[in-house]
>>> print(open('final.cif').read())   # mmCIF, C-alpha atoms
data_model
#
loop_
_atom_site.label_atom_id
_atom_site.label_comp_id
_atom_site.auth_asym_id
_atom_site.auth_seq_id
_atom_site.Cartn_x
_atom_site.Cartn_y
_atom_site.Cartn_z
CA MET A 1 8.66 -31.17 -25.45
CA PRO A 2 7.45 -28.70 -22.79
CA THR A 3 3.69 -28.83 -22.39
CA THR A 4 2.95 -26.89 -19.21
CA LYS A 5 3.56 -23.23 -18.36
CA ASN A 6 6.07 -24.28 -15.72
CA GLN A 7 8.02 -26.43 -18.20
CA LYS A 8 8.13 -23.58 -20.70
CA HIS A 9 9.38 -21.24 -17.98
CA ILE A 10 12.08 -23.74 -16.92
CA LEU A 11 13.23 -24.10 -20.53
CA LYS A 12 13.35 -20.36 -21.20
CA THR A 13 15.24 -19.66 -17.96
CA ALA A 14 17.71 -22.52 -18.51
CA LEU A 15 18.53 -21.44 -22.07
CA GLY A 16 19.10 -17.85 -20.94
CA ALA A 17 21.40 -18.97 -18.12
CA PHE A 18 23.27 -21.26 -20.52
CA THR A 19 23.92 -18.37 -22.90
CA CYS A 20 25.17 -16.17 -20.05
CA GLN A 21 27.61 -18.87 -18.91
CA THR A 22 28.90 -20.07 -22.30
CA GLY A 23 28.24 -17.32 -24.85
CA LEU A 24 26.45 -19.87 -27.04
CA VAL A 25 22.92 -19.04 -28.21
CA PRO A 26 20.80 -22.20 -28.65
CA ASP A 27 18.09 -22.53 -31.27
CA ILE A 28 14.92 -24.58 -30.84
CA THR A 29 13.46 -26.55 -33.72
CA ASN A 30 10.25 -28.60 -34.00
CA GLU A 31 10.59 -31.69 -36.18
CA ALA A 32 7.63 -33.66 -34.90
CA PRO A 33 4.35 -32.75 -33.13
CA ASP A 34 5.60 -34.10 -29.80
CA LYS A 35 9.33 -33.40 -30.06
CA GLN A 36 11.58 -30.36 -29.84
CA PHE A 37 15.30 -30.26 -30.52
CA LEU A 38 18.01 -27.95 -29.26
CA LEU A 39 20.64 -26.80 -31.77
CA LEU A 40 24.07 -25.58 -30.67
CA LYS A 41 26.20 -24.09 -33.41
CA THR A 42 29.95 -23.68 -33.05
CA PRO A 43 32.64 -23.04 -35.69
CA GLU A 44 33.55 -26.71 -35.50
CA ALA A 45 30.14 -28.41 -35.51
CA THR A 46 26.38 -28.17 -35.05
CA VAL A 47 24.98 -30.25 -32.19
CA LYS A 48 21.37 -31.46 -32.25
CA LEU A 49 19.78 -32.81 -29.05
CA GLU A 50 16.22 -33.79 -28.20
CA LEU A 51 14.81 -31.69 -25.35
CA LEU A 52 13.49 -33.35 -22.21
CA VAL A 53 12.14 -30.80 -19.73
CA ILE A 54 11.87 -32.25 -16.23
CA GLU A 55 9.79 -30.73 -13.44
CA GLY A 56 11.01 -31.62 -9.96
CA GLY A 57 14.25 -32.69 -8.32
CA ALA A 58 16.45 -35.79 -8.23
CA MET A 59 13.49 -38.18 -7.87
CA ALA A 60 11.89 -36.90 -11.07
CA VAL A 61 15.27 -37.05 -12.83
CA ASN A 62 15.75 -40.70 -11.83
CA ALA A 63 12.27 -41.62 -13.08
CA ALA A 64 12.71 -39.81 -16.38
CA LEU A 65 16.16 -41.29 -16.98
CA THR A 66 14.94 -44.84 -16.48
CA LEU A 67 12.23 -44.33 -19.08
CA TYR A 68 14.36 -42.53 -21.66
CA ARG A 69 17.26 -44.99 -21.38
CA ARG A 70 15.39 -47.07 -23.92
CA LEU A 71 16.42 -44.60 -26.60
CA GLN A 72 18.93 -46.21 -28.93
CA ASN A 73 21.39 -43.34 -28.78
CA LEU A 74 21.93 -42.44 -25.13
CA ASN A 75 23.61 -39.16 -26.10
CA CYS A 76 20.82 -37.80 -28.29
CA PHE A 77 18.97 -35.86 -25.59
CA VAL A 78 19.59 -33.12 -23.04
CA MET A 79 17.62 -32.85 -19.82
CA ILE A 80 16.45 -29.40 -18.79
CA ILE A 81 16.10 -29.37 -14.99
CA PRO A 82 15.15 -26.58 -12.54
CA GLN A 83 18.31 -26.96 -10.43
CA VAL A 84 21.19 -29.44 -10.34
CA THR A 85 23.27 -29.73 -7.19
CA ALA A 86 27.02 -30.27 -7.47
CA ASP A 87 26.62 -33.92 -6.42
CA LEU A 88 23.86 -34.55 -8.95
CA ALA A 89 25.91 -32.79 -11.65
CA ASP A 90 28.80 -35.17 -11.01
CA ARG A 91 26.51 -38.20 -11.09
CA LEU A 92 24.87 -37.13 -14.35
CA ARG A 93 28.27 -36.47 -15.94
CA ASP A 94 29.61 -39.86 -14.79
CA ASP A 95 26.50 -41.42 -16.32
CA ASP A 96 27.03 -39.48 -19.60
CA THR A 97 23.67 -37.76 -19.15
CA GLN A 98 23.63 -34.29 -20.68
CA PHE A 99 21.77 -31.54 -18.84
CA MET A 100 21.17 -27.82 -18.39
CA ASP A 101 19.59 -26.11 -15.40
CA THR A 102 18.15 -22.68 -14.65
CA ALA A 103 21.29 -21.56 -12.79
CA GLY A 104 23.62 -22.08 -15.77
CA ASN A 105 25.02 -25.46 -14.75
CA CYS A 106 25.36 -27.85 -17.66
CA PHE A 107 27.02 -30.91 -19.13
CA ILE A 108 27.27 -31.31 -22.90
CA LYS A 109 29.44 -34.02 -24.37
CA GLN A 110 29.29 -33.89 -28.15
CA PRO A 111 32.89 -33.95 -29.45
CA PRO A 112 34.45 -31.60 -30.34
CA LEU A 113 32.07 -29.68 -28.03
CA TYR A 114 32.52 -30.43 -24.32
CA LEU A 115 31.00 -28.30 -21.55
CA PHE A 116 30.75 -28.99 -17.83
CA ILE A 117 29.69 -26.30 -15.38
CA LYS A 118 28.57 -26.97 -11.81
CA GLY A 119 28.23 -25.10 -8.52
CA ASN A 120 26.11 -22.18 -9.74
CA LYS A 121 23.25 -21.34 -7.39
CA LEU A 122 19.89 -19.91 -8.34
CA GLN A 123 19.50 -16.17 -7.82
CA GLY A 124 15.74 -16.45 -7.99
CA VAL A 125 13.32 -19.28 -7.37
CA VAL A 126 11.72 -21.32 -10.14
CA LYS A 127 8.29 -22.15 -8.81
CA ALA A 128 7.47 -25.79 -8.32
CA PRO A 129 4.46 -26.93 -10.31
CA ALA A 130 1.17 -26.97 -8.46
CA VAL A 131 0.15 -30.48 -7.48
CA GLY A 132 -3.31 -31.27 -8.82
CA ARG A 133 -5.73 -33.72 -7.25
CA ALA A 134 -4.64 -36.49 -9.61
CA PHE A 135 -1.16 -36.43 -8.09
CA LYS A 136 -2.13 -36.18 -4.45
CA GLN A 137 -2.70 -39.17 -2.19
CA THR A 138 -6.20 -40.25 -3.25
CA GLY A 139 -5.68 -39.41 -6.91
CA LEU A 140 -2.47 -41.46 -6.97
CA ARG A 141 -4.46 -44.50 -5.84
CA VAL A 142 -6.79 -44.07 -8.81
CA LEU A 143 -3.86 -43.57 -11.21
CA TYR A 144 -2.20 -46.73 -9.91
CA ALA A 145 -5.29 -48.76 -10.75
CA LEU A 146 -5.52 -47.17 -14.22
CA LEU A 147 -1.85 -47.87 -15.00
CA CYS A 148 -2.06 -51.47 -13.78
CA ASN A 149 -5.33 -52.22 -15.59
CA PRO A 150 -5.27 -51.02 -19.21
CA GLY A 151 -8.85 -50.25 -20.27
CA LEU A 152 -10.14 -49.43 -16.77
CA GLU A 153 -10.41 -45.77 -17.81
CA ASN A 154 -13.22 -46.78 -20.16
CA GLU A 155 -15.42 -48.01 -17.30
CA THR A 156 -18.01 -45.78 -15.66
CA TYR A 157 -16.91 -43.50 -12.84
CA ARG A 158 -19.02 -45.60 -10.48
CA VAL A 159 -17.18 -48.80 -11.44
CA ILE A 160 -13.78 -47.11 -11.09
CA ALA A 161 -14.80 -45.76 -7.68
CA ALA A 162 -15.82 -49.23 -6.53
CA LYS A 163 -12.62 -50.86 -7.80
CA THR A 164 -10.36 -48.25 -6.19
CA ASP A 165 -12.37 -47.65 -2.99
CA VAL A 166 -12.33 -43.93 -3.76
CA ALA A 167 -15.28 -41.55 -3.56
CA LEU A 168 -17.19 -41.07 -6.79
CA GLY A 169 -16.60 -37.32 -6.75
CA MET A 170 -12.84 -37.78 -6.49
CA VAL A 171 -12.84 -40.16 -9.47
CA ASN A 172 -14.66 -37.45 -11.41
CA TRP A 173 -12.01 -34.86 -10.41
CA VAL A 174 -9.11 -37.16 -11.31
CA LEU A 175 -10.47 -38.18 -14.72
CA ASN A 176 -11.33 -34.59 -15.61
CA GLU A 177 -7.83 -33.46 -14.64
CA LEU A 178 -6.24 -36.23 -16.69
CA ASN A 179 -8.32 -35.07 -19.64
CA GLU A 180 -7.22 -31.44 -19.17
CA LEU A 181 -3.56 -32.51 -18.95
CA GLY A 182 -3.79 -34.46 -22.21
CA TYR A 183 -3.63 -37.97 -20.75
CA LEU A 184 -7.09 -39.04 -21.94
CA VAL A 185 -8.58 -39.07 -25.42
CA GLU A 186 -12.25 -39.65 -26.17
CA THR A 187 -13.66 -40.92 -29.46
CA GLY A 188 -17.20 -41.63 -30.60
CA LYS A 189 -20.50 -40.85 -28.91
CA GLY A 190 -23.26 -42.75 -27.18
CA ARG A 191 -22.70 -46.49 -27.21
CA ALA A 192 -19.72 -46.01 -29.53
CA ARG A 193 -18.01 -43.71 -27.00
CA HIS A 194 -14.52 -44.87 -26.08
CA ILE A 195 -11.98 -43.37 -23.67
CA ARG A 196 -8.29 -44.21 -23.84
CA LEU A 197 -5.34 -43.37 -21.60
CA ILE A 198 -2.44 -41.93 -23.62
CA GLU A 199 1.05 -40.55 -22.94
CA LYS A 200 1.45 -43.41 -20.48
CA GLU A 201 5.22 -43.11 -20.18
CA LYS A 202 4.95 -39.50 -19.03
CA LEU A 203 2.05 -40.35 -16.75
CA LEU A 204 4.02 -43.20 -15.18
CA GLU A 205 6.95 -40.84 -14.61
CA ARG A 206 4.68 -38.36 -12.82
CA TRP A 207 3.01 -41.12 -10.81
CA ILE A 208 6.37 -42.44 -9.58
CA THR A 209 7.42 -39.00 -8.40
CA GLY A 210 4.03 -38.35 -6.78
CA TYR A 211 4.03 -41.74 -5.10
CA ALA A 212 7.46 -41.19 -3.54
CA GLU A 213 6.65 -37.66 -2.36
CA GLN A 214 2.93 -37.69 -1.60
CA LEU A 215 1.69 -41.20 -0.86
CA ARG A 216 4.47 -43.56 0.22
CA PRO A 217 5.49 -41.61 3.36
CA LYS A 218 1.89 -41.86 4.60
CA LEU A 219 1.84 -45.64 4.18
CA LEU A 220 4.81 -46.45 6.43
CA ILE A 221 3.71 -48.38 9.52
CA GLY A 222 7.23 -48.65 10.89
CA ARG A 223 10.63 -50.26 10.63
CA TYR A 224 11.39 -53.64 12.15
CA ARG A 225 14.04 -56.30 12.42
CA GLY A 226 13.79 -60.07 12.28
CA ALA A 227 16.16 -63.01 12.49
CA ASP A 228 19.00 -62.98 9.96
CA GLY A 229 17.73 -64.06 6.54
CA TRP A 230 14.19 -64.69 7.82
CA TRP A 231 12.65 -63.39 4.62
CA GLN A 232 14.46 -65.92 2.41
CA LYS A 233 12.35 -68.78 3.76
CA ALA A 234 9.25 -66.80 4.65
CA VAL A 235 6.00 -67.55 2.84
CA LEU A 236 3.54 -64.67 2.49
CA LYS A 237 -0.16 -65.14 1.84
CA PRO A 238 -1.05 -62.55 -0.87
CA GLU A 239 -4.41 -61.78 0.72
CA LYS A 240 -2.57 -60.65 3.87
CA ALA A 241 0.84 -59.41 2.70
CA GLN A 242 3.07 -59.09 -0.37
CA TRP A 243 6.73 -58.40 -0.98
CA GLY A 244 7.62 -55.00 -2.42
CA GLY A 245 10.82 -53.11 -3.17
CA GLU A 246 14.12 -54.96 -3.37
CA VAL A 247 12.83 -58.40 -2.38
CA ALA A 248 10.13 -58.29 -5.05
CA ALA A 249 12.65 -56.97 -7.59
CA GLY A 250 15.00 -59.82 -6.78
CA LYS A 251 12.22 -62.34 -7.34
CA LEU A 252 11.08 -60.74 -10.61
CA THR A 253 14.50 -60.11 -12.19
CA ASP A 254 16.93 -62.44 -10.36
CA TYR A 255 19.36 -59.51 -10.45
CA LEU A 256 19.30 -57.82 -7.05
CA LYS A 257 20.48 -58.90 -3.60
CA PRO A 258 18.06 -57.15 -1.20
CA GLN A 259 19.35 -54.88 1.55
CA THR A 260 15.98 -53.46 2.63
CA ILE A 261 13.04 -55.81 3.13
CA THR A 262 9.77 -54.16 2.08
CA VAL A 263 6.43 -55.76 2.93
CA TYR A 264 3.00 -54.35 2.04
CA VAL A 265 0.43 -55.57 4.54
CA ASP A 266 -3.31 -55.41 5.13
CA LYS A 267 -3.73 -52.09 6.93
CA ASP A 268 -6.30 -53.62 9.32
CA ASN A 269 -4.14 -56.57 10.36
CA PRO A 270 -0.38 -55.91 10.21
CA GLU A 271 0.04 -58.05 13.33
CA ALA A 272 -0.50 -61.16 11.21
CA VAL A 273 2.91 -60.57 9.61
CA LEU A 274 4.62 -59.17 12.69
CA ILE A 275 3.68 -62.09 14.92
CA GLN A 276 4.16 -64.87 12.38
CA HIS A 277 7.67 -63.74 11.44
CA ARG A 278 8.65 -62.46 14.90
CA LEU A 279 9.48 -58.97 13.72
CA LYS A 280 10.45 -56.49 16.42
CA LYS A 281 10.21 -52.70 16.30
CA ASP A 282 13.55 -51.11 15.43
CA PRO A 283 13.92 -47.58 13.96
CA GLU A 284 17.17 -48.74 12.30
CA GLY A 285 15.80 -52.10 11.19
CA ASP A 286 16.10 -53.41 7.64
CA VAL A 287 12.39 -54.30 7.39
CA GLU A 288 9.83 -51.67 6.40
CA LEU A 289 6.12 -52.37 6.70
CA LEU A 290 3.74 -50.33 4.55
CA GLN A 291 -0.05 -50.32 4.32
CA ARG A 292 -1.55 -51.79 1.19
CA PHE A 293 -3.43 -48.95 -0.56
CA TRP A 294 -5.21 -50.95 -3.26
CA GLN A 295 -7.85 -53.64 -3.41
CA PRO A 296 -6.38 -57.11 -4.13
CA ASP A 297 -9.32 -57.84 -6.45
CA THR A 298 -8.44 -54.80 -8.57
CA ILE A 299 -4.63 -55.13 -8.64
CA VAL A 300 -4.04 -58.83 -9.17
CA PRO A 301 -1.09 -60.14 -7.11
CA HIS A 302 2.00 -61.33 -8.98
CA GLY A 303 2.37 -64.40 -6.82
CA ASP A 304 3.58 -63.12 -3.46
CA THR A 305 4.89 -59.80 -4.84
CA VAL A 306 3.12 -56.51 -5.49
CA HIS A 307 2.55 -55.30 -9.04
CA PRO A 308 5.78 -54.58 -11.02
CA ILE A 309 4.81 -50.89 -11.35
CA LEU A 310 4.85 -50.54 -7.56
CA VAL A 311 8.11 -52.50 -7.29
CA TYR A 312 9.55 -50.10 -9.88
CA ALA A 313 8.39 -47.07 -7.86
CA ASP A 314 9.87 -48.51 -4.66
CA LEU A 315 13.25 -48.95 -6.35
CA MET A 316 13.23 -45.45 -7.82
CA ALA A 317 12.35 -43.92 -4.45
CA THR A 318 15.62 -45.19 -2.95
CA GLY A 319 17.88 -43.23 -5.34
CA ASN A 320 20.34 -46.14 -5.07
CA GLN A 321 22.20 -46.69 -8.34
CA ARG A 322 22.04 -50.49 -8.10
CA ASN A 323 18.29 -50.29 -7.53
CA ILE A 324 17.89 -47.92 -10.46
CA GLU A 325 19.75 -50.36 -12.72
CA THR A 326 17.39 -53.11 -11.56
CA ALA A 327 14.43 -50.80 -12.22
CA ARG A 328 15.53 -50.52 -15.85
CA ILE A 329 15.52 -54.31 -16.19
CA LEU A 330 12.13 -54.51 -14.51
CA TYR A 331 10.75 -51.86 -16.86
CA ASP A 332 11.85 -53.70 -20.00
CA GLU A 333 10.70 -57.12 -18.80
CA HIS A 334 7.43 -56.36 -17.00
CA ILE A 335 6.19 -52.80 -17.53
CA VAL A 336 6.77 -51.63 -21.10
CA GLN A 337 3.91 -53.76 -22.44
CA LEU A 338 1.50 -52.09 -20.03
CA ILE A 339 2.25 -48.54 -21.14
CA ARG A 340 2.87 -49.15 -24.82
CA GLU A 341 0.61 -46.92 -26.90
CA ASP A 342 -2.07 -48.85 -28.77
#
>>> encode(input="final.cif", output="structure tokens")
Amino acid sequence: MPTTKNQKHILKTALGAFTCQTGLVPDITNEAPDKQFLLLKTPEATVKLELLVIEGGAMAVNAALTLYRRLQNLNCFVMIIPQVTADLADRLRDDDTQFMDTAGNCFIKQPPLYLFIKGNKLQGVVKAPAVGRAFKQTGLRVLYALLCNPGLENETYRVIAAKTDVALGMVNWVLNELNELGYLVETGKGRARHIRLIEKEKLLERWITGYAEQLRPKLLIGRYRGADGWWQKAVLKPEKAQWGGEVAAGKLTDYLKPQTITVYVDKDNPEAVLIQHRLKKDPEGDVELLQRFWQPDTIVPHGDTVHPILVYADLMATGNQRNIETARILYDEHIVQLIRED
């Protein structure tokens, strides 16, 4: 259900645009503290759909879809999105994903009701949500450590700062913001005080989007090319480099044939990988080198691959349908247990 002012504005605008385009007037009903449903009444039937309000563009949509695909009935929800391009509208329809946007575009497939409208452009601008410190570069590093290490949020700020190599003041800002946004709950006092991270699915969704837009572009060292198939026999030492993206996903799921070779390296010594594997600079190369932004002692290596959450984010950032399918497998096999509510 919408929780921020921006989400509420997106929902209100989208419902108004939907009514203008279709003549149907939706109702909103609350049936649980954390869920809202949209009701569409026609002479033939009444349609009931859970509301999922998404802030952001295609990247945020991809992240949200991967999480919500675990719902048993894939047709039981409708995504409310600021704006859907014609291409994205076609992709969502082909994927049987129902949506509405603030320009009046929509796809509803609930026989006998079928609606598909695309191509409408926004007359006004729906403001993008302000990015808080928790979802900027340094804050995203802290969030990554919290998501990968359940219980870390209950340590002192000083311990968290040491484990994430982030200034103590920034840790304070990030934790306070998470509390204000409803991602932290505190119980007890004194020695019995306990802090717990909640709404982890939503937090993961926001972290993935923030990582792709705010942090990942800053980590790219460059693109390279090596001998054909070099990576298949290559051995990486986790303290110096780890596989990410499609190679890591292939190793973890045995489902994907990599096209892009992603390697996270020690930011102070990328030459160790470049020289050993004879990688040469090539703007069109299939190898991307990125700086490691975490401490190996804090985020324990999964063999020679980065943590599954980062692999998942790498896959989602590509927007490639095959990678997104692999991300769903990765989520179910390696991530869901980390973000399951206690």
>>> residues_around(input="final.cif", residues="stretch 141-151 of chain A", least_positions_apart="2", cutoff="8 Å", atoms="all atoms listed in the file", output="ChimeraX atom specification")
/A:134,137-139,153-155,160,164,166,171,174,196-197,200,204,207,293-294,298-299,307,309,338-339
>>> residues_around(input="final.cif", residues="A:Ala17", least_positions_apart="4", cutoff="8 Å", atoms="all atoms listed in the file", output="JSON list (two decimals) with C-alpha atoms, keeping the file's coordinate frame")
[["chain", "number", "residue", "atom", "x", "y", "z"],
["A", 13, "THR", "CA", 15.24, -19.66, -17.96],
["A", 21, "GLN", "CA", 27.61, -18.87, -18.91],
["A", 101, "ASP", "CA", 19.59, -26.11, -15.40],
["A", 102, "THR", "CA", 18.15, -22.68, -14.65],
["A", 103, "ALA", "CA", 21.29, -21.56, -12.79],
["A", 104, "GLY", "CA", 23.62, -22.08, -15.77]]
>>> resolve_selection(input="final.cif", expression="the PyMOL selection byres ((chain A and resi 87-97) around 9)", output="number ranges by chain")
A: 58, 65, 74-75, 77-79, 84-86, 98-99, 105-109, 116-119
>>> atom_distance(input="final.cif", atom1="atom CA of A:Pro111", atom2="atom CA of A:Asp34")
27.3 Å
>>> resolve_selection(input="final.cif", expression="the PyMOL selection byres ((chain A and resi 334) around 12)", output="VMD selection string")
chain A and resid 148 249 252 to 253 302 307 to 312 326 to 333 335 to 340
>>> resolve_selection(input="final.cif", expression="the PyMOL selection byres ((chain A and resi 262-266) around 6)", output="number ranges by chain")
A: 240-245, 261, 267-270, 287-292
>>> closest_residue(input="final.cif", among="A:Ala227, A:Leu168, A:Ala313, A:Met100", to="A:His277", atoms="only C-alpha atoms")
A:Ala227
>>> atom_distance(input="final.cif", atom1="atom CA of A:Ile10", atom2="atom CA of A:Glu55")
8.1 Å
>>> atom_distance(input="final.cif", atom1="atom CA of A:Leu40", atom2="atom CA of A:Pro26")
5.1 Å
>>> closest_residue(input="final.cif", among="A:Trp173, A:Val47, A:Glu186, A:Lys237", to="A:Pro301", atoms="only C-alpha atoms")
A:Lys237
